>>> print(open('input-v5.cif').read())   # mmCIF, C-alpha atoms
data_work
#
loop_
_atom_site.label_atom_id
_atom_site.label_comp_id
_atom_site.auth_asym_id
_atom_site.auth_seq_id
_atom_site.Cartn_x
_atom_site.Cartn_y
_atom_site.Cartn_z
CA MET A 214 18.59 3.66 36.37
CA LEU A 215 19.06 -0.12 36.53
CA SER A 216 22.22 -1.51 38.14
CA PHE A 217 24.27 -4.26 36.50
CA LYS A 218 22.86 -6.95 38.82
CA GLU A 219 19.29 -5.79 38.25
CA PHE A 220 19.76 -5.96 34.49
CA TRP A 221 21.36 -9.42 34.33
CA THR A 222 18.47 -11.32 35.83
CA LYS A 223 17.44 -14.87 34.85
CA LYS A 224 14.48 -13.39 32.97
CA THR A 225 16.74 -11.08 30.94
CA LEU A 226 19.24 -13.83 30.17
CA LEU A 227 16.44 -16.17 29.10
CA ALA A 228 14.99 -13.48 26.83
CA LEU A 229 18.40 -12.75 25.27
CA GLY A 230 19.21 -16.42 24.69
CA LEU A 231 15.78 -17.24 23.30
CA GLY A 232 15.89 -14.13 21.11
CA GLN A 233 19.18 -15.23 19.55
CA PHE A 234 17.90 -18.74 18.89
CA LEU A 235 14.86 -17.24 17.16
CA SER A 236 17.18 -14.99 15.16
CA LEU A 237 19.17 -18.04 14.03
CA LEU A 238 15.95 -19.79 13.02
CA ILE A 239 14.75 -16.83 10.96
CA THR A 240 18.17 -16.67 9.29
CA SER A 241 17.88 -20.33 8.29
CA THR A 242 14.45 -19.66 6.74
CA GLY A 243 16.02 -16.82 4.77
CA PHE A 244 18.71 -19.10 3.34
CA SER A 245 16.10 -21.76 2.54
CA SER A 246 13.91 -19.26 0.68
CA SER A 247 16.90 -17.84 -1.16
CA GLU A 248 18.00 -21.33 -2.24
CA LEU A 249 14.51 -22.22 -3.46
CA ALA A 250 14.29 -18.97 -5.43
CA ARG A 251 17.70 -19.72 -6.96
CA ARG A 252 16.36 -23.08 -8.12
CA GLY A 253 13.35 -21.39 -9.73
CA ILE A 254 10.83 -22.60 -7.12
CA ASN A 255 8.50 -19.64 -6.57
CA ALA A 256 5.74 -20.88 -4.27
CA PRO A 257 5.86 -18.70 -1.13
CA THR A 258 2.48 -19.74 0.30
CA SER A 259 3.28 -23.42 -0.25
CA GLN A 260 6.48 -23.02 1.78
CA SER A 261 4.52 -21.78 4.79
CA PHE A 262 1.63 -24.23 4.44
CA LEU A 263 3.34 -27.15 6.20
CA ASN A 264 4.25 -24.92 9.13
CA TYR A 265 0.59 -24.12 9.73
CA VAL A 266 -0.32 -27.80 9.38
CA PHE A 267 2.31 -28.75 11.99
CA LEU A 268 0.99 -26.07 14.37
CA ALA A 269 -2.60 -27.23 13.92
CA ILE A 270 -1.76 -30.91 14.50
CA VAL A 271 0.61 -30.50 17.48
CA TYR A 272 -1.13 -27.72 19.40
CA GLY A 273 -4.61 -28.70 18.21
CA SER A 274 -4.09 -32.14 19.78
CA ILE A 275 -3.12 -30.54 23.10
CA MET A 276 -6.12 -28.23 22.91
CA LEU A 277 -8.52 -31.11 22.23
CA TYR A 278 -7.04 -33.07 25.14
CA ARG A 279 -7.63 -30.12 27.47
CA LYS A 280 -11.27 -29.69 26.38
CA GLN A 281 -11.30 -26.05 27.45
CA ALA A 282 -13.49 -23.26 26.10
CA LEU A 283 -11.86 -20.58 23.94
CA LYS A 284 -10.52 -17.60 25.87
CA ALA A 285 -10.74 -15.31 22.82
CA LYS A 286 -13.21 -15.10 19.93
CA TRP A 287 -12.41 -17.46 17.05
CA TYR A 288 -12.58 -14.69 14.46
CA TYR A 289 -9.68 -12.87 16.15
CA TYR A 290 -7.51 -15.86 15.28
CA ALA A 291 -8.94 -16.01 11.75
CA ILE A 292 -8.00 -12.35 11.12
CA LEU A 293 -4.57 -12.83 12.69
CA SER A 294 -3.99 -15.89 10.50
CA LEU A 295 -4.87 -13.95 7.35
CA VAL A 296 -2.41 -11.19 8.28
CA ASP A 297 0.29 -13.74 9.12
CA VAL A 298 -0.16 -15.77 5.92
CA GLU A 299 0.09 -12.65 3.75
CA ALA A 300 3.13 -11.39 5.69
CA ASN A 301 4.93 -14.67 5.00
CA PHE A 302 3.79 -14.58 1.37
CA LEU A 303 5.12 -11.06 0.75
CA VAL A 304 8.50 -11.55 2.43
CA VAL A 305 9.18 -14.97 0.84
CA LYS A 306 8.03 -13.60 -2.53
CA ALA A 307 10.59 -10.80 -2.21
CA TYR A 308 13.46 -13.33 -2.52
CA GLN A 309 12.51 -13.70 -6.19
CA TYR A 310 13.30 -10.04 -6.83
CA THR A 311 16.04 -8.94 -4.43
CA SER A 312 18.94 -10.35 -2.42
CA ILE A 313 18.85 -12.05 0.97
CA THR A 314 20.88 -9.12 2.35
CA SER A 315 18.26 -6.56 1.33
CA VAL A 316 15.43 -8.72 2.66
CA MET A 317 17.06 -9.14 6.07
CA LEU A 318 17.93 -5.46 6.37
CA LEU A 319 14.55 -4.15 5.25
CA ASP A 320 12.73 -6.64 7.46
CA CYS A 321 13.88 -4.39 10.32
CA TRP A 322 11.04 -2.05 9.35
CA SER A 323 8.92 -4.16 11.70
CA ILE A 324 10.72 -2.56 14.70
CA PRO A 325 9.38 1.00 14.32
CA SER A 326 6.04 -0.45 13.22
CA VAL A 327 5.83 -2.57 16.38
CA MET A 328 6.77 0.38 18.59
CA VAL A 329 4.04 2.55 17.08
CA LEU A 330 1.43 -0.22 17.40
CA THR A 331 2.35 -1.17 20.99
CA TRP A 332 2.35 2.50 22.01
CA PHE A 333 -1.05 3.05 20.41
CA PHE A 334 -2.86 -0.19 21.28
CA LEU A 335 -1.02 -1.64 24.31
CA SER A 336 -0.05 1.69 25.94
CA THR A 337 3.63 0.74 26.04
CA LYS A 338 5.91 3.65 27.01
CA TYR A 339 9.26 4.26 25.30
CA ARG A 340 12.10 6.55 26.38
CA PHE A 341 13.89 9.00 24.12
CA LYS A 342 16.93 6.70 23.69
CA LYS A 343 14.78 3.93 22.22
CA ILE A 344 13.02 6.36 19.91
CA ALA A 345 16.39 7.76 18.77
CA GLY A 346 17.61 4.21 18.08
CA VAL A 347 14.56 3.50 15.94
CA ALA A 348 15.16 6.75 14.03
CA VAL A 349 18.68 5.53 13.19
CA CYS A 350 17.17 2.18 12.11
CA VAL A 351 14.70 3.91 9.77
CA ALA A 352 17.50 6.08 8.32
CA GLY A 353 19.46 2.91 7.53
CA LEU A 354 16.43 1.37 5.82
CA VAL A 355 16.01 4.46 3.65
CA MET A 356 19.67 4.12 2.60
CA VAL A 357 19.17 0.45 1.65
CA VAL A 358 16.15 1.28 -0.52
CA PHE A 359 17.96 4.24 -2.10
CA SER A 360 20.95 2.01 -2.85
CA ASP A 361 18.73 -0.66 -4.45
CA VAL A 362 16.98 1.93 -6.61
CA HIS A 363 20.18 3.48 -7.93
CA THR A 364 22.43 0.41 -7.99
CA GLY A 365 20.18 -2.43 -9.06
CA ASP A 366 23.00 -4.80 -9.90
CA ARG A 367 24.35 -4.61 -6.35
CA SER A 368 21.42 -6.43 -4.84
CA GLY A 369 21.64 -9.37 -7.21
CA GLY A 370 17.90 -9.46 -7.83
CA SER A 371 15.80 -9.16 -10.97
CA ASN A 372 13.76 -6.23 -9.63
CA PRO A 373 15.23 -4.81 -6.37
CA ARG A 374 12.67 -2.00 -6.03
CA LYS A 375 9.76 -4.42 -6.23
CA GLY A 376 11.49 -6.77 -3.80
CA ASP A 377 12.11 -3.92 -1.34
CA ALA A 378 8.46 -2.86 -1.50
CA LEU A 379 7.32 -6.43 -0.83
CA VAL A 380 9.61 -6.75 2.20
CA ILE A 381 8.44 -3.44 3.71
CA ALA A 382 4.79 -4.41 3.21
CA GLY A 383 5.44 -7.85 4.70
CA ALA A 384 7.37 -6.37 7.66
CA THR A 385 4.42 -4.06 8.40
CA LEU A 386 2.09 -7.07 8.47
CA TYR A 387 4.59 -8.95 10.66
CA ALA A 388 4.44 -6.04 13.12
CA ILE A 389 0.64 -6.23 13.23
CA SER A 390 0.89 -10.01 13.71
CA ASN A 391 3.50 -9.74 16.50
CA VAL A 392 1.55 -7.14 18.46
CA SER A 393 -1.68 -9.14 18.07
CA GLU A 394 0.11 -12.28 19.27
CA GLU A 395 1.54 -10.39 22.25
CA PHE A 396 -1.95 -9.27 23.23
CA LEU A 397 -3.45 -12.76 22.81
CA VAL A 398 -0.65 -14.64 24.56
CA LYS A 399 -0.95 -12.32 27.58
CA ASN A 400 -4.74 -12.30 27.68
CA ALA A 401 -5.69 -15.71 26.26
CA ASP A 402 -3.57 -18.87 25.97
CA ARG A 403 -0.41 -19.85 24.07
CA VAL A 404 -1.65 -23.30 23.03
CA GLU A 405 -4.97 -21.84 21.90
CA LEU A 406 -3.12 -19.18 19.90
CA MET A 407 -0.81 -21.66 18.16
CA SER A 408 -3.50 -24.25 17.39
CA LEU A 409 -6.00 -21.78 15.89
CA LEU A 410 -3.29 -19.81 14.09
CA GLY A 411 -2.23 -23.11 12.52
CA PHE A 412 -5.81 -24.19 11.78
CA PHE A 413 -6.93 -20.98 10.06
CA GLY A 414 -3.49 -20.41 8.54
CA ALA A 415 -3.58 -23.84 6.88
CA ILE A 416 -7.07 -23.20 5.45
CA ILE A 417 -6.17 -19.73 4.13
CA SER A 418 -2.88 -21.04 2.69
CA ALA A 419 -4.63 -23.95 0.97
CA ILE A 420 -7.14 -21.60 -0.66
CA GLN A 421 -4.37 -19.24 -1.77
CA ILE A 422 -2.26 -22.11 -3.16
CA SER A 423 -5.22 -23.43 -5.19
CA ILE A 424 -5.71 -19.97 -6.72
CA LEU A 425 -2.18 -18.61 -7.15
CA GLU A 426 0.33 -21.47 -6.95
CA ARG A 427 -1.38 -24.60 -8.27
CA ASP A 428 0.62 -24.71 -11.52
CA GLU A 429 3.85 -23.77 -9.76
CA VAL A 430 3.54 -26.63 -7.26
CA LYS A 431 2.78 -29.12 -10.05
CA SER A 432 5.89 -28.04 -11.97
CA ILE A 433 8.29 -28.53 -9.05
CA HIS A 434 10.82 -31.32 -9.61
CA TRP A 435 11.17 -32.86 -6.15
CA SER A 436 14.87 -33.61 -5.98
CA ALA A 437 16.82 -33.75 -2.72
CA GLY A 438 18.17 -30.27 -3.47
CA ALA A 439 14.63 -28.89 -3.62
CA ALA A 440 13.05 -30.96 -0.85
CA PHE A 441 15.67 -30.23 1.83
CA PRO A 442 15.31 -26.39 1.86
CA PHE A 443 11.52 -26.70 1.37
CA PHE A 444 10.95 -28.93 4.40
CA GLY A 445 13.80 -27.32 6.33
CA PHE A 446 11.96 -24.01 5.99
CA SER A 447 8.79 -25.57 7.45
CA VAL A 448 10.58 -27.13 10.43
CA ALA A 449 12.45 -23.89 11.24
CA MET A 450 9.22 -21.91 10.98
CA PHE A 451 7.40 -24.37 13.26
CA LEU A 452 10.09 -23.98 15.92
CA PHE A 453 10.07 -20.20 15.45
CA TYR A 454 6.29 -19.94 15.82
CA SER A 455 6.33 -22.26 18.86
CA LEU A 456 8.92 -20.18 20.73
CA VAL A 457 7.82 -16.65 19.75
CA PRO A 458 4.87 -16.55 22.20
CA ILE A 459 7.23 -17.40 25.08
CA LEU A 460 9.47 -14.43 24.29
CA LEU A 461 6.43 -12.20 23.73
CA LYS A 462 5.14 -13.07 27.20
CA ILE A 463 8.53 -12.47 28.81
CA SER A 464 9.65 -9.28 27.07
CA GLY A 465 7.11 -8.18 24.45
CA SER A 466 7.11 -7.74 20.68
CA THR A 467 9.69 -4.93 20.65
CA MET A 468 12.29 -7.20 22.27
CA LEU A 469 11.43 -9.90 19.73
CA ASN A 470 12.05 -7.65 16.76
CA LEU A 471 15.22 -6.18 18.26
CA SER A 472 16.55 -9.72 18.78
CA LEU A 473 15.94 -10.53 15.13
CA LEU A 474 18.34 -7.72 14.13
CA THR A 475 21.23 -10.13 14.72
CA SER A 476 19.97 -12.33 11.88
CA ASP A 477 22.42 -10.41 9.65
CA MET A 478 25.28 -11.51 11.92
CA TRP A 479 24.12 -15.14 11.80
CA ALA A 480 23.85 -14.88 8.01
CA VAL A 481 27.53 -13.87 7.85
CA VAL A 482 28.50 -16.76 10.16
CA ILE A 483 26.59 -19.27 7.99
CA ARG A 484 28.15 -17.88 4.80
CA ILE A 485 31.66 -18.26 6.25
CA PHE A 486 31.40 -21.67 7.91
CA ALA A 487 28.71 -23.45 5.85
CA TYR A 488 29.28 -21.98 2.39
CA HIS A 489 32.99 -21.15 2.89
CA GLU A 490 32.47 -17.70 1.40
CA LYS A 491 34.71 -14.71 2.03
CA VAL A 492 32.80 -11.78 3.53
CA CYS A 493 34.47 -8.43 3.00
#
>>> encode(input="input-v5.cif", output="structure tokens")
Amino acid sequence: MLSFKEFWTKKTLLALGLGQFLSLLITSTGFSSSELARRGINAPTSQSFLNYVFLAIVYGSIMLYRKQALKAKWYYYAILSLVDVEANFLVVKAYQYTSITSVMLLDCWSIPSVMVLTWFFLSTKYRFKKIAGVAVCVAGLVMVVFSDVHTGDRSGGSNPRKGDALVIAGATLYAISNVSEEFLVKNADRVELMSLLGFFGAIISAIQISILERDEVKSIHWSAGAAFPFFGFSVAMFLFYSLVPILLKISGSTMLNLSLLTSDMWAVVIRIFAYHEKVC
């Protein structure tokens, strides 16, 4: 059993601090998506597109300057990008049908998914206490879905059941993406991962936008109220994607997803101090 001094190492403190900053970033993307949905802007792939463009430009420039050969096959990054784009699409799409609270709670489904995937593919070992904690997490998710099914007006969405299904599907894809990124960042290179994820993600997003969201993008009235959350979402996602590989290398994908659990706490803090809402 670890002593107190062994637990509070610089590595642990760095992982905890970085995890909470990432949690705050993901909370801000949730508020941005919720605000855009409230304004009738329903273009989930378009929201993520700029993030991939930023990744491709920033990390692609570094990669070109290095002039190094790829450490992993290019099609690994193409498949990862497809999974990541669709994960973002499903979760952002869910804000059209259910509340930000339900989305943030159900997004926790990625934790048991990550644990199963890391155990199966990365041979990560988990003790009984961690497994018991995940079982409690899953039980809570079941209660959220049950509540949305039987009390639709509580969630404040037009179709809570559909929104819940989208979040769970997106969280599963996020888990696949996180575990794949953990493998690549430990066996390949962080800059290579970010640049090619951005490159292929931008291409896939552009194709999807031209097929599914072309009319929606054309109909957007670009006022300050619409532009701020739209571009704010992209900047927060760029920072999130840039820092995630660092935490994955330090502590792994399970620690990442556990850190993101506090996004609900940050959501309450933002509601109180930014929106001056009373939270009962």
>>> resolve_selection(input="input-v5.cif", expression="the PyMOL selection byres ((chain A and resi 382-386) around 6)", output="tab-separated table (two decimals) with C-alpha atoms, keeping the file's coordinate frame")
chain	number	residue	atom	x	y	z
A	300	ALA	CA	3.13	-11.39	5.69
A	303	LEU	CA	5.12	-11.06	0.75
A	304	VAL	CA	8.50	-11.55	2.43
A	320	ASP	CA	12.73	-6.64	7.46
A	322	TRP	CA	11.04	-2.05	9.35
A	323	SER	CA	8.92	-4.16	11.70
A	379	LEU	CA	7.32	-6.43	-0.83
A	380	VAL	CA	9.61	-6.75	2.20
A	381	ILE	CA	8.44	-3.44	3.71
A	387	TYR	CA	4.59	-8.95	10.66
A	388	ALA	CA	4.44	-6.04	13.12
A	389	ILE	CA	0.64	-6.23	13.23
>>> atom_distance(input="input-v5.cif", atom1="CA of His434 (chain A)", atom2="CA of Ser418 (chain A)")
21.1 Å
>>> atom_distance(input="input-v5.cif", atom1="CA of Val482 (chain A)", atom2="CA of Gln233 (chain A)")
13.3 Å
>>> atom_distance(input="input-v5.cif", atom1="CA of Ser274 (chain A)", atom2="CA of Pro257 (chain A)")
26.8 Å
>>> resolve_selection(input="input-v5.cif", expression="the PyMOL selection byres ((chain A and resi 290) around 10)", output="list in words")
Ala285, Lys286, Trp287, Tyr288, Tyr289, Ala291, Ile292, Leu293, Ser294, Leu295, Val296, Ser393, Glu394, Leu397, Glu405, Leu406, Met407, Ser408, Leu409, Leu410, Gly411, Phe412, Phe413 and Gly414 of chain A
>>> resolve_selection(input="input-v5.cif", expression="the PyMOL selection byres ((chain A and resi 444) around 12)", output="list of chain:residue names")
A:Ser241, A:Thr242, A:Ser245, A:Ser246, A:Leu249, A:Ser259, A:Gln260, A:Ser261, A:Phe262, A:Leu263, A:Asn264, A:Phe267, A:Trp435, A:Ala437, A:Gly438, A:Ala439, A:Ala440, A:Phe441, A:Pro442, A:Phe443, A:Gly445, A:Phe446, A:Ser447, A:Val448, A:Ala449, A:Met450, A:Phe451
>>> residues_around(input="input-v5.cif", residues="Leu335 (chain A)", least_positions_apart="3", cutoff="12 Å", atoms="only C-alpha atoms", output="PyMOL selection string")
chain A and resi 327-332+338-339+392-397+399-400+465-467
>>> closest_residue(input="input-v5.cif", among="A:Asn391, A:Ser432, A:Ser315, A:Gln281", to="Gly253 (chain A)", atoms="all atoms listed in the file")
A:Ser432
>>> residues_around(input="input-v5.cif", residues="Val316 (chain A)", least_positions_apart="4", cutoff="12 Å", atoms="all atoms listed in the file", output="ChimeraX atom specification")
/A:239-240,242-244,246-247,303-312,320-322,354,357-358,361,368-370,373-384,474,476-477,480
>>> closest_residue(input="input-v5.cif", among="A:Leu319, A:Ala228, A:Val271, A:Ile485", to="Leu469 (chain A)", atoms="all atoms listed in the file")
A:Ala228
>>> closest_residue(input="input-v5.cif", among="A:Met468, A:Met478, A:Leu461, A:Leu473", to="Leu235 (chain A)", atoms="all atoms listed in the file")
A:Leu473
